Amino acid sequence: MESISGNIVDIQSEKIFQGLIHVDGDLINSIEIVSENTDPALPYIIPGFTDSHVHIESSMLVPSEFARLAVVHGTVATVSDPHEIANVCGQEGVRFMIDNGAQVNFKFCFGAPSCVPATAFETSGAAIDAAGVHELLKLREISYLSEMMNFPGVINEDPEVVAKIAAAKAAGKPVDGHAPGLRGKALRKYVAAGISTDHECFTEEEAREKLGLGMKILIREGSAAKNFEALIGLLHEFPEQIMFCSDDKHPDSLVKGHINTLCERAVNKGIPLFNILRAACINPVVHYGLSNGLLRPGDQADFVLLKDLKFFRVTATYIRGICVARDGASRIKKLPVAAINHFKCQTIKGENLSSPASTQLIDGRLPVIESIDGELITRKLSFEPSLDGDRVVADPDRDILKIVVVNRYQPSPPAVAFIRNFGVKRGALASSVAHDSHNIIAVGTNDDFLAAAINMVIEKQGGVSAVSDHDSKILPLPVAGLMSAADGYEVARAYTEIDGMVKSMGSTLSAPFMTLSFMALLVIPALKLSDLGLFDGDEFRFVH
């Protein structure tokens with residue numbers, strides 16, 4: 001039996017005392033109170049952190065590598081939606097995530113993806129219907145129905161959507177939500193259908209309405225979407241209904257920190273400590289019925305040692321009684337990975353990306369997507385076009401660049417439109433990470449740069465690439481075109497290099513590749529581009 005000494009943080013009772021945790025195997029045998037006072041020389045011991053909603057694939061790491069990095073920051077569990085790989089490889093992809101994650105000492109709670117494909121207005125690599133969802137929900141490793149993005153289908157009682165929700169209810173598993181901006185009568189119907197959470201709130205007012213209807217609100221701070229500042233004040237009033245999540249987190253961000261950094265920021269905002277720890281450690285376990293120990297006798301020995309309760313510096317992480325990280329070093333070993341993928345497209349030429357004015361203009365004006373740094377939503381703009389003969393071309397001086405989506409699952413003409421706020425002056429970037437169908441998406445200043453960046457991704461069967469006059473880089477992502485099987489820290493370094501290259505080309509976005517990956521996400525308004533064309537997410541129809 002191992003005994004660990006520290007200042008034990010009892011979140012439920014809102015007490016901190018000096019004590020000993022006696023660990024027997026993977027369980028806490030007993031907790032001994034040494035003194036009612038704390039000793040600042042000792043570490044503070046809390047239950048491990050849980051990311052309450054994350055797509056592991058967005059870290060560009062397979063689950064086993066994600067775990068290696070996350071435990072260093074005190075994360076012991078994730079509520080993981082394998083929606084991204086499901087859109088590429090279907091149920092086989094979900095099982096890949098489960099099998100790979102099971103090989104390491106970490107607590108992955110996977111969901112059954114509810115929207116594969118996300119819409120009928122794009123081409124995905126696979127589909128999972130209600131029967132497939134029902135099959136996945138039978139698995140012990142599947143603990144919930146993943147985010148129901150098709151909120152129009154819920155509200156209008158689409159039979160497939162209703163069947164998926166019914167399957168989760170029959171299995172006694174919660175249903176996650178995804179309803180950006182949904183309010184009023186439509187929201188009430190969405191919640192009444194059994195949707196229990198939302199991580200897409202833009203404003204405090206929206207979140208308050210959803211909290212009032214009994215929903216759990218996930219405060220999200222990822223690499224692109226950042227809602228912490230807008231929502232954190234709610235934790236004063238709703239400590240039982242708030243959780244923390246990252247949703248999508250690139251590898252360089254994961255190296256720097258995880259849920260622990262949100263705790264630090266919340267303390268700096270004056271949020272009561274125990275409210276913060278409920279959101280970070282307790283509420284996800286209760287809502288999803290996770291196996292995480294909550295620092296009680298008889299619980300699994302999942303806990304974190306912290307240097308302090310202000311900066312949340314992690315000195316050690318324990319999962320099932322085993323120390324998986326200490327002093328900033330992971331003790332989870334690197335594992336070999338057998339990749340799966342779905343990639344069936346050929347390289348292209350710049351001339352394939354030509355954009356005739358007849359197909360681009362509406363009443364003589366050019367519709368333009370406006371990306372917003374730190375947000376998944378976009379705006380609809382309209383400009384006088386820049387023309388070269390009868391073709392519309394990019395205009396870097398006005399920061400109007402060309403955006404392209406190439407179907408990676410079958411030969412098909414590329415979709416072309418225009419976008420603002422990427423800031424690149426000369427060159428292009430491309431990615432096979434493009435929510436939700438994960439076709440190849442690229443933004444650039446001319447057709448030749450775009451074709452070069454896209455072809456690098458095709459040749460590697462997945463990746464993120466950048467091309468300029470003087471340089472070209474690619475980070476290969478051979479696992480479903482979404483993830484690397486390489487060492488997570490090496491992937492993070494490679495990503496930092498290519499991210500820096502894009503910023504040196506003029507991009508002012510904080511995470512240009514993460515922002516790029518959401519420019520094909522049709523379920524988030526207002527204007528996006530799928531492989532089938534420019535799409536208006538407010539009116540849910542193609543623009544032309």
# chains A, B, ... in the order shown; residues from 1 in each chain; ligands from 1

call {"tool": "residues_around", "arguments": {"residues": "A:Ser64", "least_positions_apart": "6", "cutoff": "12 Å", "atoms": "only C-alpha atoms", "output": "ChimeraX atom specification"}}
result
/A:56-57,70-71,96-108,330,332-337,483-488

call {"tool": "residues_around", "arguments": {"residues": "A:Glu92", "least_positions_apart": "3", "cutoff": "12 Å", "atoms": "only C-alpha atoms", "output": "ChimeraX atom specification"}}
result
/A:82-83,85-89,95-99,125-128,132,136,339-342,480

call {"tool": "write_last_selection", "arguments": {"atoms": "C-alpha atoms", "output": "short mmCIF file (atom, residue, chain, number, x, y, z; two decimals), in the first residue's frame"}}
result
data_model
loop_
_atom_site.label_atom_id
_atom_site.label_comp_id
_atom_site.auth_asym_id
_atom_site.auth_seq_id
_atom_site.Cartn_x
_atom_site.Cartn_y
_atom_site.Cartn_z
CA PRO A 82 -14.88 10.67 -32.40
CA HIS A 83 -17.05 12.49 -34.90
CA ILE A 85 -12.68 10.15 -37.81
CA ALA A 86 -16.23 8.79 -38.14
CA ASN A 87 -16.83 11.18 -41.04
CA VAL A 88 -13.75 9.72 -42.73
CA CYS A 89 -13.85 6.03 -41.79
CA ARG A 95 -13.37 1.50 -33.03
CA PHE A 96 -9.84 2.59 -33.94
CA MET A 97 -10.08 5.42 -31.40
CA ILE A 98 -11.43 3.09 -28.71
CA ASP A 99 -8.78 0.41 -29.34
CA GLY A 125 -16.15 9.50 -46.38
CA ALA A 126 -18.76 7.52 -44.44
CA ALA A 127 -22.23 7.57 -42.93
CA ILE A 128 -23.61 6.28 -39.64
CA GLY A 132 -25.29 2.26 -36.67
CA LEU A 136 -22.31 1.77 -31.18
CA ALA A 339 -2.86 3.73 -39.50
CA ILE A 340 -6.26 3.67 -41.17
CA ASN A 341 -7.28 6.13 -43.89
CA HIS A 342 -9.69 6.98 -46.71
CA ALA A 480 -7.39 9.16 -41.46
#

call {"tool": "residues_around", "arguments": {"residues": "A:Phe383", "least_positions_apart": "5", "cutoff": "10 Å", "atoms": "only C-alpha atoms", "output": "list in words"}}
result
Leu361, Gly364, Arg365, Leu366, Pro367, Val368, Arg398 and Ile400 of chain A

call {"tool": "residues_around", "arguments": {"residues": "A:Asp538", "least_positions_apart": "3", "cutoff": "8 Å", "atoms": "only C-alpha atoms", "output": "ChimeraX atom specification"}}
result
/A:525-527

call {"tool": "closest_residue", "arguments": {"among": "A:Lys185, A:Lys460, A:His178, A:Lys528", "to": "A:Ile474", "atoms": "only C-alpha atoms"}}
result
A:Lys460

call {"tool": "residues_around", "arguments": {"residues": "stretch 432-438 of chain A", "least_positions_apart": "4", "cutoff": "7 Å", "atoms": "only C-alpha atoms", "output": "short mmCIF file (atom, residue, chain, number, x, y, z; two decimals) with C-alpha atoms, in the first residue's frame"}}
result
data_model
loop_
_atom_site.label_atom_id
_atom_site.label_comp_id
_atom_site.auth_asym_id
_atom_site.auth_seq_id
_atom_site.Cartn_x
_atom_site.Cartn_y
_atom_site.Cartn_z
CA GLU A 84 -14.09 13.57 -37.05
CA ASN A 87 -16.83 11.18 -41.04
CA VAL A 88 -13.75 9.72 -42.73
CA PRO A 117 -22.41 13.12 -42.31
CA ALA A 118 -23.12 16.44 -40.63
CA THR A 123 -19.43 14.75 -49.32
CA SER A 124 -18.10 12.74 -46.41
CA GLY A 125 -16.15 9.50 -46.38
CA VAL A 457 -1.50 17.09 -48.80
CA GLY A 462 -3.29 13.85 -45.39
CA GLY A 463 -1.64 16.70 -43.58
CA VAL A 464 -1.34 20.46 -43.19
CA GLY A 481 -5.82 12.34 -42.85
CA LEU A 482 -6.42 13.80 -39.36
CA SER A 517 -10.42 23.78 -40.64
CA PHE A 518 -13.76 25.35 -39.69
CA ALA A 520 -16.16 24.12 -44.30
CA LEU A 521 -18.31 23.58 -41.18
#

call {"tool": "closest_residue", "arguments": {"among": "A:His287, A:Lys164, A:Lys349, A:Lys210", "to": "A:Leu234", "atoms": "only C-alpha atoms"}}
result
A:Lys210

call {"tool": "select_by_dssp", "arguments": {"residues": "stretch 79-140 of chain A", "states": "strand (DSSP E)", "output": "PyMOL selection string"}}
result
chain A and resi 79-80+107-112

call {"tool": "write_last_selection", "arguments": {"atoms": "C-alpha atoms", "output": "PDB file, in the first residue's frame"}}
result
ATOM      1  CA  VAL A  79     -15.341  13.101 -22.905  1.00  0.00           C
ATOM      2  CA  SER A  80     -14.315  12.469 -26.497  1.00  0.00           C
ATOM      3  CA  LYS A 107      -9.800   7.420 -19.094  1.00  0.00           C
ATOM      4  CA  PHE A 108     -11.310   8.018 -22.515  1.00  0.00           C
ATOM      5  CA  CYS A 109     -15.088   8.324 -22.539  1.00  0.00           C
ATOM      6  CA  PHE A 110     -16.156   8.062 -26.180  1.00  0.00           C
ATOM      7  CA  GLY A 111     -19.504   9.002 -27.688  1.00  0.00           C
ATOM      8  CA  ALA A 112     -21.521   7.615 -30.577  1.00  0.00           C
TER       9      ALA A 112
END

call {"tool": "closest_residue", "arguments": {"among": "A:Ala41, A:Ala120, A:Met243, A:Cys281", "to": "A:Ser530", "atoms": "only C-alpha atoms"}}
result
A:Ala120
